[in-house]
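Undergrad: Before we start, here is the structure in question, set down as structure tokens.
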Amino acid sequence: HMYTRALLAGCRCVELDYWDGADGEPIVWHGFTLTSSVDSLEVLRAIQQSSFVTSPYPVVLSLEVHCSAKQQQVLALQLRAVFGASLLLPGSEGLLPGPLPSPEQLRGRVLVKASTGPSAPHHATGVVARGPPPGGA
């Protein structure tokens, strides 16, 4: 996995593009590129296993979410299941109003930054393209 390699090389932030999977589970896919999709849980588990091998400092997951509301809920459950207590959530212990915690205070924690992008038109049909867009290279 490229995510494992990046984290083991000391990277502290990885970007994940999420799309609706055909089986009701979200997939990681860099849309409209020649890459293949990967099961969300497989990617999250690989990240969890390699996040703090090289560095104890926090890892930021930068999510670009193109999923339906239903699969966004599945993704949220997956994040909680895989990262457990290391996932920093609003109201987490040590995260009080006021100054933001330092990287030292966030050792061993996983932070999520998410944005929702427009879904591709073919998502309205529930069909997920797994290759380049029609007519693409």
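Here, A, B, ... name the chains of the structure tokens in the order displayed, residue numbers run from 1 inside each chain, and ligands are numbered from 1 in the same displayed order.
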Using only C-alpha atoms, what does the table of region 9-30 of chain A residues within 7 Å of region 47-63 of chain A look like, with each row giving the shortest atom pair and its distance in Å to one decimal, sorted by chain and ascending number, as a tab-separated table?

TA:
```
residue	atom	partner	partner_atom	distance
A:Gly10	CA	A:Thr54	CA	6.0
A:Arg12	CA	A:Val59	CA	4.7
A:Cys13	CA	A:Val60	CA	4.5
A:Val14	CA	A:Leu61	CA	5.3
A:Glu15	CA	A:Ser62	CA	4.6
A:Leu16	CA	A:Leu63	CA	4.9
A:Asp17	CA	A:Leu63	CA	5.9
```

Undergrad: Could you write those residues out with C-alpha atoms, as an mmCIF file, in the first residue's frame?

TA:
```cif
data_model
loop_
_atom_site.group_PDB
_atom_site.id
_atom_site.type_symbol
_atom_site.label_atom_id
_atom_site.label_comp_id
_atom_site.auth_asym_id
_atom_site.auth_seq_id
_atom_site.Cartn_x
_atom_site.Cartn_y
_atom_site.Cartn_z
ATOM 1 C CA GLY A 10 7.484 9.699 8.206
ATOM 2 C CA ARG A 12 1.929 12.504 8.997
ATOM 3 C CA CYS A 13 -0.944 13.289 6.628
ATOM 4 C CA VAL A 14 -2.548 11.095 3.979
ATOM 5 C CA GLU A 15 -5.366 11.935 1.577
ATOM 6 C CA LEU A 16 -8.149 9.447 0.941
ATOM 7 C CA ASP A 17 -10.821 9.916 -1.728
#
```

Undergrad: DSSP says alpha helix (DSSP H) for which residues of region 11-67 of chain A? Put them as a list in words?

TA: Ser40, Leu41, Glu42, Val43, Leu44, Arg45, Ala46, Ile47, Gln48, Gln49 and Ser50 of chain A

Undergrad: Write the residues of the selection above to a file with C-alpha atoms, as a short mmCIF file (atom, residue, chain, number, x, y, z; two decimals), in the first residue's frame.

TA:
```cif
data_model
loop_
_atom_site.label_atom_id
_atom_site.label_comp_id
_atom_site.auth_asym_id
_atom_site.auth_seq_id
_atom_site.Cartn_x
_atom_site.Cartn_y
_atom_site.Cartn_z
CA SER A 40 -12.11 1.18 2.74
CA LEU A 41 -11.53 -1.19 5.67
CA GLU A 42 -8.40 -2.60 4.03
CA VAL A 43 -6.94 0.90 3.69
CA LEU A 44 -7.93 1.99 7.21
CA ARG A 45 -6.43 -1.14 8.77
CA ALA A 46 -3.17 -0.63 6.86
CA ILE A 47 -3.02 2.97 8.06
CA GLN A 48 -3.77 1.93 11.65
CA GLN A 49 -1.00 -0.67 11.62
CA SER A 50 1.66 1.70 10.27
#
```

Undergrad: Find the residues around Lys70 (chain A) up to 12 Å (only C-alpha atoms counted), leave out those fewer than 2 positions away in its own chain, and share them as a PyMOL selection string.

TA: chain A and resi 19-21+24-26+66-68+72-77+126

Undergrad: Quote the spacing between CA of Ser36 (chain A) and CA of Tyr18 (chain A) in Å to one decimal place.

TA: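 Straight-line distance from CA of Ser36 (chain A) to CA of Tyr18 (chain A) works out to 12.5 Å.
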
Undergrad: Please identify which residues in region 25-59 of chain A DSSP calls strand (DSSP E) from the backbone, and express them as a PyMOL selection string.

TA: chain A and resi 27-28+38-39+59

Undergrad: Please save C-alpha atoms of the selected residues as a compact mmCIF listing (two decimals), in the first residue's frame.

TA:
```
# COMPACT_ATOMS: atom_id res chain seq x y z
CA ILE A 27 -14.20 2.46 -1.44
CA VAL A 28 -11.00 4.48 -1.71
CA VAL A 38 -9.50 -0.41 -2.72
CA ASP A 39 -11.84 -1.50 0.06
CA VAL A 59 -1.62 11.35 11.85
```

Undergrad: When you draw a straight line from CA of Val112 (chain A) to CA of His1 (chain A), how long is it in Å?

TA: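 Computing it gives 19.7 Å between the two atoms.
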
Undergrad: Kindly give the distance, in Å, that separates CA of Ser37 (chain A) and CA of Ala114 (chain A), rounded to a single decimal.

TA: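 Going from CA of Ser37 (chain A) over to CA of Ala114 (chain A), I get 19.2 Å.
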
Undergrad: Have a look at A:Lys113, A:Asp23, A:Thr35, A:Gly108 and name the one nearest to Met2 (chain A); count only C-alpha atoms.

TA: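 Result for the nearest residue to Met2 (chain A): A:Thr35.
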